[in-house]
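Okay, entry-v9.tsv now, which holds TSV, C-alpha atoms:
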```tsv
chain	number	residue	atom	x	y	z
D	1	MET	CA	-26.24	-36.10	17.36
D	2	ALA	CA	-22.67	-37.27	16.92
D	3	ASN	CA	-20.17	-35.39	14.77
D	4	PRO	CA	-19.04	-37.00	11.53
D	5	ASN	CA	-15.46	-38.27	11.45
D	6	TRP	CA	-14.28	-35.55	9.08
D	7	VAL	CA	-15.31	-32.84	11.57
D	8	ASN	CA	-13.17	-34.36	14.30
D	9	LYS	CA	-10.28	-34.79	11.86
D	10	TYR	CA	-10.21	-31.30	10.36
D	11	LEU	CA	-11.52	-29.03	13.10
D	12	ARG	CA	-9.01	-29.56	15.87
D	13	MET	CA	-6.09	-27.57	17.18
D	14	THR	CA	-3.00	-29.36	15.98
D	15	PRO	CA	0.36	-28.16	17.34
D	16	GLU	CA	1.08	-26.39	14.05
D	17	VAL	CA	-2.20	-24.47	14.15
D	18	ARG	CA	-1.71	-23.62	17.81
D	19	GLN	CA	1.78	-22.26	17.04
D	20	ILE	CA	0.40	-20.05	14.26
D	21	PHE	CA	-2.23	-18.57	16.57
D	22	ASN	CA	0.34	-18.00	19.32
D	23	ASP	CA	2.63	-16.26	16.83
D	24	LEU	CA	-0.26	-14.10	15.61
D	25	ASP	CA	-1.09	-13.02	19.17
D	26	ALA	CA	2.52	-12.21	19.98
D	27	TRP	CA	3.00	-10.32	16.70
D	28	CYS	CA	-0.23	-8.36	17.31
D	29	ASN	CA	1.00	-7.29	20.76
D	30	TYR	CA	4.40	-6.29	19.38
D	31	CYS	CA	2.78	-4.21	16.63
D	32	ARG	CA	0.42	-2.59	19.10
D	33	PHE	CA	3.20	-1.51	21.46
D	34	ARG	CA	5.53	-0.36	18.65
D	35	MET	CA	2.70	1.27	16.66
D	36	ILE	CA	3.49	-0.77	13.56
D	37	LYS	CA	0.77	-1.54	11.03
D	38	TYR	CA	-0.63	-4.96	11.91
D	39	ASP	CA	-1.62	-7.26	9.08
D	40	GLU	CA	-2.08	-10.99	9.54
D	41	ALA	CA	-0.80	-11.59	6.01
D	42	ASP	CA	2.61	-10.13	6.99
D	43	LEU	CA	3.24	-12.88	9.51
D	44	TYR	CA	6.46	-14.76	8.63
D	45	ARG	CA	7.10	-12.43	5.62
D	46	SER	CA	7.60	-8.80	6.55
D	47	PRO	CA	11.03	-7.36	7.37
D	48	GLU	CA	9.68	-6.07	10.70
D	49	TYR	CA	8.60	-9.58	11.65
D	50	LYS	CA	12.02	-11.01	10.77
D	51	GLU	CA	13.71	-8.31	12.85
D	52	TRP	CA	11.37	-9.04	15.76
D	53	MET	CA	12.12	-12.77	15.54
D	54	GLU	CA	15.87	-12.04	15.66
D	55	ARG	CA	15.40	-9.91	18.79
D	56	ARG	CA	13.16	-12.53	20.34
D	57	LYS	CA	15.66	-15.30	19.61
D	58	LYS	CA	18.53	-13.28	21.11
D	59	ARG	CA	16.45	-12.52	24.22
D	60	GLN	CA	15.57	-16.20	24.67
D	61	GLN	CA	19.23	-17.16	24.31
D	62	TRP	CA	20.22	-14.55	26.89
D	63	GLN	CA	17.51	-15.77	29.29
D	64	ALA	CA	18.61	-19.39	28.92
D	65	ARG	CA	22.25	-18.47	29.44
D	66	ASN	CA	21.53	-16.42	32.58
D	67	GLY	CA	19.03	-18.80	34.15
D	68	HIS	CA	16.02	-16.54	33.74
D	69	VAL	CA	12.74	-18.05	34.97
D	70	SER	CA	9.65	-17.28	32.91
D	71	TYR	CA	6.65	-16.21	34.97
D	72	ASN	CA	4.15	-16.53	32.12
D	73	ASN	CA	2.82	-19.71	33.70
D	74	ARG	CA	1.54	-18.95	37.19
D	75	ASN	CA	2.26	-22.50	38.32
D	76	ASN	CA	6.02	-21.82	38.13
D	77	ARG	CA	5.96	-18.98	40.65
D	78	GLY	CA	6.71	-20.84	43.86
D	79	GLN	CA	9.38	-23.12	42.48
```

Produce structure tokens that represent the structure in this file.
Amino acid sequence: MANPNWVNKYLRMTPEVRQIFNDLDAWCNYCRFRMIKYDEADLYRSPEYKEWMERRKKRQQWQARNGHVSYNNRNNRGQ
């Protein structure tokens, strides 16, 4: 049985939705390691999240300036 058109339209991972889930995973890991209360509703709002985003932005700028290679993707390892 084929899916109706509205299912294909509304139940897909758009780039915006994917970014939200990636941010939630990263924020969950940060809270877990720093022992901060994790609440999905605090994403993009809490002062701790804003502080974390500042640190993350500074780290990414430093890595770009110093030619740091990210090893998150295993395909980049031999290059």

Length of the atom CA of D:Ile36 to atom CA of D:Thr14 vector [Å]: 29.4 Å

Distance query stretch 38-43 of chain D at most 8 Å, only C-alpha atoms, self and fewer than 4 positions along chain excluded, as a ChimeraX atom specification: /D:24,27-28,31-32,49

Writer output for current selection, C-alpha atoms, as a compact mmCIF listing (two decimals), in the frame of the given file:
```txt
# COMPACT_ATOMS: atom_id res chain seq x y z
CA LEU D 24 -0.26 -14.10 15.61
CA TRP D 27 3.00 -10.32 16.70
CA CYS D 28 -0.23 -8.36 17.31
CA CYS D 31 2.78 -4.21 16.63
CA ARG D 32 0.42 -2.59 19.10
CA TYR D 49 8.60 -9.58 11.65
```

Atom pair atom CA of D:Gln63 / atom CA of D:Phe33: separation (Å):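 Taking atom CA of D:Gln63 as the start and atom CA of D:Phe33 as the end point, the length is 21.7 Å.
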
Atomic distance atom CA of D:Lys50 - atom CA of D:Arg34, expressed in Å with one decimal: 14.8 Å

Using all atoms of stretch 62-69 of chain D that appear in the file, construct an axis-aligned enclosing box with 4 Å of padding on every side and provide its centre coordinates and edge lengths in Å, rounded to one decimal, as AutoDock Vina command-line options.
```
--center_x 17.5 --center_y -17.0 --center_z 30.9 --size_x 17.5 --size_y 12.8 --size_z 16.1
```
